[in-house]
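Input: a single structure, listed below in C-alpha cells.
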Amino acid sequence: MDKQNFRSQDFRGYKQSIISKIDEDLARTGSKTSCGEYLRCYWHPVALTSEVSETPKEIRILGEDLVIFKTTMGNIGLVHKACPHRRASMVYGKTEDKGIRCCYHGWLFSPNGEILETPGEDPDSKSATKIRETFKLGAYPVIEFNGLVFSYLGPMDKIPEFPQYDAFEIPGNTSSPYRINYNCNWIQVLDAIMDPVHTSFLHGQSSGIQFSEGFAEVGEIEFYERGIQYLGCNTRRIDDNVWIRVNELILPNFTQAGAAFAADGTKSKYFGRSSFTRWVVPVDDHHCVALAWANFGERGDPIEYNNQEGFEKIEAGEIANRTLLEQQKSPGDAEAVEGMGSISTHKGEHLMPTDQGVMIYRRRIRKLSKDLEEGKDPPQPQIKKGEIVRTNGQDTVLRAPKRNKNDKEFVKSICSSVMKMQFDLENMPLKERDSAIINNLHKMEERGNFDGL
Ligand code: FES
Ligand SMILES: [Fe+2]
C-alpha cells in the first residue's frame, strides 16, 4: 500500500499519545488536600444503618480508614481504624455497653474516642493516667436518620447544623436506603447529574431503552446556578406534551433528578419528585459510593423496583456485576464513568456547550476550596438556622400542543416559566409550596399560556 496515502489521512495517535493530567484540585479528597478540606465542611452519609451492628465494620471515607460500630447500648461510634496504643485495627475490637475494646491489650474507647480503660497498665502508672486524660482515639460525630448514618469529618469548632431537605419527606412517597459502590473518582459520578444530555444517549439510545422511550429525545437544555444549587433542565417535546425534567445538585454532593421509570412524557405529571435522594461520597481518590434513598409512590417510581436490582437500575440504568459482554451490549452509568479509569484525565476533555452544567459546578467547587484555604468558610445548603432546604429536582409533563412556528422556543419558554414560578414560591411554607406549585402547573396548562400567572 502506498504510504503517502496514510500520510494524507492525518492519523494523530502518536501526536496525542501523551497522557493528559488529572484535575488534582477536584479529584484529591484526602486530609489536607484543597477539595478534601472543602468536603470536610459538610455532613455526609457514610453507611447504611443496616450495615452498622455490634460487629465492627471497616469503612473508608475521604481516604480515611475508619471503623463503625454500635455499642451494646445502641450508640453508634465512628472511629479511626488504628488503635492509638500500638496501631491494632479496631475492626477486631469487642463492643461493650460503653464503647469498643481493642483486641490487642484491651484498651476501652467510648464512641467519642475517650480512653476509658488501659487495663494492662498499673493503675497508678503516670504515663497511663496521662494518656487517658489527655489523648483520644480519633472519632467523628454521627447522626442516624431514616436508614442512613451521616457523619461530619471536619474540625469540631466549625461543625455545621445537620441540613434538612424538603426531599426527606415527600408526601405520598416511601423511601428505601441503598448503597451503590463505584470504582472511580467521585467527580466522575457527580458529573452525570449535571449532564442531562447523557440520559438521551446512554439511557435512551446506546443501550436501547433503559427507563422509558421518551428519554431518547434530546430536549432543550437549560442550566441554573442559584447559590450552591445547580439545576440542569432537559425539556422534551413528546407529541402534544412538554416534559420538563430537572436534575439537581446542591453542593457539594446532594443530588436529585426526576423519576427513573415513571416518566416518559406521555402522561400528565405535576411536580413529580426524584426517584432518588442521594449523595456521592468519596471513599478514596479511586472509589466513591452513592448513598441514597430510592423514592417510591405516586410522585416517585413504582414500588416494584423496591429491591436491590431496582436500586441498581434507578442508580445506573443497569444492574451491577455483569459480564463484560453484557456491559458492552448495554452500558449504564457505571460503565460510562468507571470506563474513564479510576481517576479521569480531565485535562484531555473537550467540553461543549451541553457540558455547561459540569463546567459551572466544578468551577464553583474549585473556587470554594480556594476560598477556604484563604479562611473563608463555604456556604451550607441551609441559609438560615433550622431552615428546610427547598429542592427542585423533578418531572413535570404538561399538555402544550405543538406550534407550527418556533416550537423549540415555545418548549424552552415553558421550562423557563415553570422554573421561575417554582423559584418565586421558594419561601412559602413547605406544604403550601408543594400544592401551590402543583396548582399553578394545572392553571398554566388549562390556560394554554405559560408566560407566567
Ligand atoms: S494496640 Fe490496642 S490496646 Fe494495644
Ligand atoms: Fe445516568
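In the C-alpha cells, chains take letters A, B, ... by order of appearance, with residues numbered from 1 within each chain and ligands from 1 in the order shown.
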Residue contacts of Asp407 of chain A (12 Å, only C-alpha atoms) excluding same-chain residues fewer than 5 positions away, as a list in words: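 Within the cut-off, the hits are Gly219, Glu220, Thr235, Arg236, Arg237, Ile238, Asp239, Asp240, Asn241, Val242, Ala400, Pro401, Lys402, Lys412, Ser413 and Ile414 of chain A.
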For C-alpha atoms, I'd like the residues from the last selection saved as a PDB file, in the first residue's frame.
ATOM      1  CA  GLY A 219     -34.529  18.162  24.567  1.00  0.00           C
ATOM      2  CA  GLU A 220     -33.869  21.829  25.137  1.00  0.00           C
ATOM      3  CA  THR A 235     -37.255  19.800  28.277  1.00  0.00           C
ATOM      4  CA  ARG A 236     -38.550  17.429  25.636  1.00  0.00           C
ATOM      5  CA  ARG A 237     -41.372  17.687  23.144  1.00  0.00           C
ATOM      6  CA  ILE A 238     -43.356  14.397  23.327  1.00  0.00           C
ATOM      7  CA  ASP A 239     -46.238  14.726  20.825  1.00  0.00           C
ATOM      8  CA  ASP A 240     -48.644  17.259  22.323  1.00  0.00           C
ATOM      9  CA  ASN A 241     -46.900  17.222  25.688  1.00  0.00           C
ATOM     10  CA  VAL A 242     -43.890  19.042  27.015  1.00  0.00           C
ATOM     11  CA  ALA A 400     -48.942  22.038  25.322  1.00  0.00           C
ATOM     12  CA  PRO A 401     -49.767  21.212  21.681  1.00  0.00           C
ATOM     13  CA  LYS A 402     -47.016  21.694  19.168  1.00  0.00           C
ATOM     14  CA  LYS A 412     -37.821  26.318  26.086  1.00  0.00           C
ATOM     15  CA  SER A 413     -40.068  29.117  27.317  1.00  0.00           C
ATOM     16  CA  ILE A 414     -42.320  26.630  29.128  1.00  0.00           C
TER      17      ILE A 414
END
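Residues lying within 10 Å of Thr391 of chain A, counting only C-alpha atoms and ignoring same-chain neighbours fewer than 6 positions away, are Tyr165, Asp166, Ala167, Gln229, Leu231, Glu248, Leu249, Ile250, Thr255, Gln256, Arg273, Ser274, Gln422, Phe423 and Glu426 of chain A.
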Identify which of the residues A:Gln164, A:Gln4, A:Asn306, A:Asn173 lies closest to Pro381 of chain A, counting only C-alpha atoms when measuring atom-to-atom distances. A:Gln164
If you count only C-alpha atoms and all ligand atoms, which residues end up within 12 Å of ligand 2, as number ranges by chain? A: 188-204, 206-207, 210-211, 215, 247, 256-260, 312-318, 331-337
Strand (DSSP E or B) call set, DSSP backbone run, segment 71-237 of chain A, as an NGL selection string: :A and (76-80 or 82 or 89 or 94-95 or 100-101 or 108-109 or 114-117 or 136 or 139-140 or 142-145 or 148-152 or 164-165 or 173-182 or 206 or 208 or 220-226 or 229-237)
Kindly provide the residues of chain A that approach ligand 1 to within 7 Å, each paired with its closest atom pair and their distance in Å to one decimal, based on only C-alpha atoms and all ligand atoms, listed by chain and increasing number, as a tab-separated table.
residue	atom	partner	partner_atom_place_in_ligand_line	distance
A:Cys83	CA	ligand 1	2 (Fe)	4.7
A:Pro84	CA	ligand 1	2 (Fe)	6.6
A:His85	CA	ligand 1	1 (S)	4.6
A:Arg86	CA	ligand 1	1 (S)	3.9
A:Arg87	CA	ligand 1	1 (S)	5.0
A:Ala88	CA	ligand 1	1 (S)	4.4
A:Cys102	CA	ligand 1	2 (Fe)	4.7
A:Cys103	CA	ligand 1	2 (Fe)	6.4
A:Tyr104	CA	ligand 1	4 (Fe)	4.8
A:His105	CA	ligand 1	3 (S)	3.8
A:Gly106	CA	ligand 1	3 (S)	4.9
A:Trp107	CA	ligand 1	3 (S)	4.5
Give me a file of those residues, with C-alpha atoms, as a compact mmCIF listing (two decimals), in the first residue's frame.
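Saved as result07.txt:
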# COMPACT_ATOMS: atom_id res chain seq x y z
CA CYS A 83 -5.64 1.92 67.96
CA PRO A 84 -3.54 4.75 69.44
CA HIS A 85 -1.64 2.27 71.63
CA ARG A 86 0.20 0.07 69.10
CA ARG A 87 -1.98 0.51 65.96
CA ALA A 88 -4.04 -2.71 66.10
CA CYS A 102 -9.19 -3.12 71.39
CA CYS A 103 -8.43 -6.83 70.93
CA TYR A 104 -4.69 -6.48 71.49
CA HIS A 105 -4.25 -5.07 75.03
CA GLY A 106 -7.84 -4.34 75.97
CA TRP A 107 -7.95 -0.54 75.91
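One distance worth recording is that between atom CA of Arg132 of chain A and atom CA of Leu66 of chain A, which is 21.0 Å.
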What is the atom CA of Tyr182 of chain A-atom CA of Asn295 of chain A distance in Å, reported with one decimal? 20.9 Å
Pull the closest atom pair for each residue of segment 147-234 of chain A that gets at most 12 Å from segment 56-65 of chain A, along with the distance in Å to one decimal, counting only C-alpha atoms, ordering rows by chain and then ascending residue number, as CSV.
residue,atom,partner,partner_atom,distance
A:Phe150,CA,A:Ile61,CA,11.4
A:Ser151,CA,A:Ile61,CA,10.0
A:Tyr152,CA,A:Ile61,CA,10.8
A:Leu153,CA,A:Leu62,CA,8.7
A:Gly154,CA,A:Leu62,CA,10.9
A:Asn181,CA,A:Arg60,CA,11.9
A:Asn185,CA,A:Leu62,CA,10.8
A:Trp186,CA,A:Leu62,CA,10.0
I'd like to know which of A:Lys130, A:Lys15, A:Arg322, A:Arg366 is closest to Leu39 of chain A, using only C-alpha atoms.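 Smallest separation from Leu39 of chain A among the options: A:Arg366.
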Shell of 9 Å around Ile437 of chain A, only C-alpha atoms, local chain residues under 4 positions omitted, as a list of chain:residue names: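 Residues meeting the cut-off are A:Tyr270, A:Phe271, A:Val418, A:Met421, A:Gln422, A:Leu425, A:Glu432, A:Arg433, A:Leu441, A:His442.
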Write the residues of the selection above to a file with N, CA and C atoms, as a compact mmCIF listing (two decimals), in the first residue's frame.
# COMPACT_ATOMS: atom_id res chain seq x y z
N TYR A 270 -47.41 16.52 37.48
CA TYR A 270 -47.27 17.86 38.03
C TYR A 270 -46.33 17.82 39.22
N PHE A 271 -45.12 18.28 39.03
CA PHE A 271 -44.11 18.33 40.10
C PHE A 271 -43.91 16.94 40.71
N VAL A 418 -41.92 27.65 34.12
CA VAL A 418 -42.18 26.72 35.22
C VAL A 418 -41.11 26.90 36.30
N MET A 421 -41.65 30.14 38.19
CA MET A 421 -42.78 30.01 39.12
C MET A 421 -42.33 29.27 40.39
N GLN A 422 -41.58 28.18 40.21
CA GLN A 422 -41.11 27.43 41.38
C GLN A 422 -40.21 28.29 42.27
N LEU A 425 -41.93 30.74 44.48
CA LEU A 425 -42.64 30.18 45.63
C LEU A 425 -41.68 29.58 46.67
N GLU A 432 -47.45 24.17 51.74
CA GLU A 432 -48.17 25.08 50.83
C GLU A 432 -47.41 25.23 49.52
N ARG A 433 -46.09 25.22 49.60
CA ARG A 433 -45.29 25.39 48.37
C ARG A 433 -45.58 24.25 47.41
N LEU A 441 -49.20 24.71 38.01
CA LEU A 441 -48.94 23.94 36.80
C LEU A 441 -50.25 23.59 36.10
N HIS A 442 -51.25 23.20 36.91
CA HIS A 442 -52.58 22.93 36.33
C HIS A 442 -53.12 24.18 35.64
Residues of segment 278-405 of chain A in helix (DSSP H, G or I) according to DSSP, as an NGL selection string? :A and (303-305 or 308-316 or 324-329 or 333-338 or 346-348 or 353-373)
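The environment of Leu108 of chain A within 10 Å, counting only C-alpha atoms and disregarding residues fewer than 3 places along the same chain, consists of Gly93, Lys94, Thr95, Glu96, Lys98, Gly99, Ile100, Arg101, Cys102, Cys103, His105, Pro111, Gly113, Glu114, Ile115, Leu116, Glu117, Thr118, Pro119 and Leu137 of chain A.
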Got time to write the residues from that selection, C-alpha atoms, as an mmCIF file, in the first residue's frame?
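What follows is the written file selection_33.cif:
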data_model
loop_
_atom_site.group_PDB
_atom_site.id
_atom_site.type_symbol
_atom_site.label_atom_id
_atom_site.label_comp_id
_atom_site.auth_asym_id
_atom_site.auth_seq_id
_atom_site.Cartn_x
_atom_site.Cartn_y
_atom_site.Cartn_z
ATOM 1 C CA GLY A 93 -12.388 -4.779 68.739
ATOM 2 C CA LYS A 94 -15.181 -6.025 71.019
ATOM 3 C CA THR A 95 -18.194 -3.809 71.509
ATOM 4 C CA GLU A 96 -19.498 -3.296 75.035
ATOM 5 C CA LYS A 98 -19.671 1.854 76.983
ATOM 6 C CA GLY A 99 -17.807 1.518 73.697
ATOM 7 C CA ILE A 100 -15.282 -0.645 71.879
ATOM 8 C CA ARG A 101 -12.374 -2.583 73.415
ATOM 9 C CA CYS A 102 -9.186 -3.124 71.388
ATOM 10 C CA CYS A 103 -8.435 -6.827 70.926
ATOM 11 C CA HIS A 105 -4.252 -5.069 75.031
ATOM 12 C CA PRO A 111 -17.872 6.253 70.819
ATOM 13 C CA GLY A 113 -12.878 8.278 71.345
ATOM 14 C CA GLU A 114 -12.275 8.799 75.047
ATOM 15 C CA ILE A 115 -9.822 6.271 76.528
ATOM 16 C CA LEU A 116 -11.906 4.767 79.338
ATOM 17 C CA GLU A 117 -9.579 1.933 80.400
ATOM 18 C CA THR A 118 -5.969 0.816 79.867
ATOM 19 C CA PRO A 119 -6.278 -2.474 81.814
ATOM 20 C CA LEU A 137 -8.867 7.738 69.694
#
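Minimum atom-to-atom distances from A:Ile221, A:Val389, A:Leu324, A:Val91 to Phe162 of chain A were compared using only C-alpha atoms, and the lowest value belongs to A:Val389.
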Residue neighbourhood Gly138 of chain A, 8 Å, only C-alpha atoms, exclusion window fewer than 3 positions, as a ChimeraX atom specification: /A:79-80,112-113
Go ahead and compute the interatomic distance for atom CA of Phe311 of chain A and atom CA of Gly214 of chain A, in Å to one decimal.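 The value is 20.9 Å.
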Distance query Asp285 of chain A at most 12 Å, only C-alpha atoms, self and fewer than 4 positions along chain excluded, as a CSV table (one decimal) with N, CA and C atoms, in the first residue's frame:
chain,number,residue,atom,x,y,z
A,22,ILE,N,-4.6,14.8,35.5
A,22,ILE,CA,-5.7,14.7,36.3
A,22,ILE,C,-6.0,16.1,36.9
A,23,ASP,N,-7.3,16.4,37.1
A,23,ASP,CA,-7.6,17.7,37.8
A,23,ASP,C,-7.5,17.5,39.3
A,24,GLU,N,-6.2,17.8,39.7
A,24,GLU,CA,-5.9,17.5,41.1
A,24,GLU,C,-6.8,18.2,42.1
A,25,ASP,N,-7.2,19.5,41.7
A,25,ASP,CA,-7.9,20.3,42.6
A,25,ASP,C,-9.3,19.6,43.0
A,26,LEU,N,-9.8,18.9,42.1
A,26,LEU,CA,-11.2,18.3,42.3
A,26,LEU,C,-11.0,16.8,42.8
A,27,ALA,N,-10.0,16.1,42.2
A,27,ALA,CA,-10.0,14.7,42.4
A,27,ALA,C,-9.5,14.2,43.7
A,28,ARG,N,-8.6,15.1,44.3
A,28,ARG,CA,-8.0,14.7,45.6
A,28,ARG,C,-8.8,15.1,46.8
A,29,THR,N,-9.2,14.1,47.6
A,29,THR,CA,-10.1,14.4,48.7
A,29,THR,C,-9.6,14.0,50.1
A,30,GLY,N,-8.3,13.6,50.1
A,30,GLY,CA,-7.7,13.2,51.4
A,30,GLY,C,-7.6,14.4,52.3
A,31,SER,N,-7.2,14.1,53.6
A,31,SER,CA,-7.0,15.1,54.6
A,31,SER,C,-5.9,16.1,54.1
A,33,THR,N,-5.9,18.1,51.6
A,33,THR,CA,-5.9,18.5,50.2
A,33,THR,C,-7.0,19.6,50.1
A,35,CYS,N,-9.6,20.1,48.1
A,35,CYS,CA,-11.0,19.7,48.0
A,35,CYS,C,-11.4,18.8,49.2
A,36,GLY,N,-10.4,18.1,49.7
A,36,GLY,CA,-10.7,17.3,50.9
A,36,GLY,C,-11.1,18.1,52.1
A,60,ARG,N,-14.0,3.2,54.5
A,60,ARG,CA,-13.1,4.2,54.2
A,60,ARG,C,-13.9,5.4,53.6
A,61,ILE,N,-13.7,6.6,54.1
A,61,ILE,CA,-14.4,7.8,53.7
A,61,ILE,C,-13.3,8.9,53.6
A,62,LEU,N,-13.4,9.6,52.4
A,62,LEU,CA,-12.4,10.7,52.2
A,62,LEU,C,-11.0,10.2,52.4
A,63,GLY,N,-10.7,9.0,52.0
A,63,GLY,CA,-9.4,8.5,52.2
A,63,GLY,C,-9.0,8.0,53.6
A,64,GLU,N,-9.9,8.1,54.5
A,64,GLU,CA,-9.5,7.8,55.9
A,64,GLU,C,-10.1,6.4,56.2
A,182,TYR,N,-18.9,2.6,43.5
A,182,TYR,CA,-18.3,2.9,42.2
A,182,TYR,C,-16.8,2.8,42.3
A,183,ASN,N,-16.2,2.2,41.3
A,183,ASN,CA,-14.7,2.0,41.3
A,183,ASN,C,-14.1,3.2,40.5
A,184,CYS,N,-14.4,4.4,40.9
A,184,CYS,CA,-13.8,5.6,40.3
A,184,CYS,C,-13.9,6.8,41.2
A,185,ASN,N,-13.2,7.8,40.8
A,185,ASN,CA,-13.2,9.1,41.5
A,185,ASN,C,-14.6,9.7,41.6
A,186,TRP,N,-14.9,10.4,42.7
A,186,TRP,CA,-16.3,10.9,42.9
A,186,TRP,C,-16.8,11.9,41.9
A,187,ILE,N,-15.8,12.7,41.3
A,187,ILE,CA,-16.2,13.7,40.3
A,187,ILE,C,-16.9,13.1,39.1
A,188,GLN,N,-16.4,11.9,38.7
A,188,GLN,CA,-16.9,11.3,37.5
A,188,GLN,C,-18.4,10.9,37.7
A,281,VAL,N,-20.3,10.2,47.7
A,281,VAL,CA,-19.3,10.4,48.7
A,281,VAL,C,-18.0,9.8,48.3
A,289,VAL,N,-19.0,6.2,46.6
A,289,VAL,CA,-20.2,5.5,46.9
A,289,VAL,C,-21.4,6.4,46.8
A,341,GLY,N,-11.5,5.3,33.8
A,341,GLY,CA,-10.3,5.0,34.6
A,341,GLY,C,-10.7,5.4,36.1
A,342,SER,N,-9.8,5.0,37.0
A,342,SER,CA,-10.2,5.2,38.4
A,342,SER,C,-10.1,6.7,38.7
A,343,ILE,N,-9.2,7.4,38.0
A,343,ILE,CA,-9.3,8.9,38.1
A,343,ILE,C,-9.2,9.4,36.6
A,344,SER,N,-10.3,10.1,36.2
A,344,SER,CA,-10.3,10.5,34.8
A,344,SER,C,-9.2,11.6,34.5
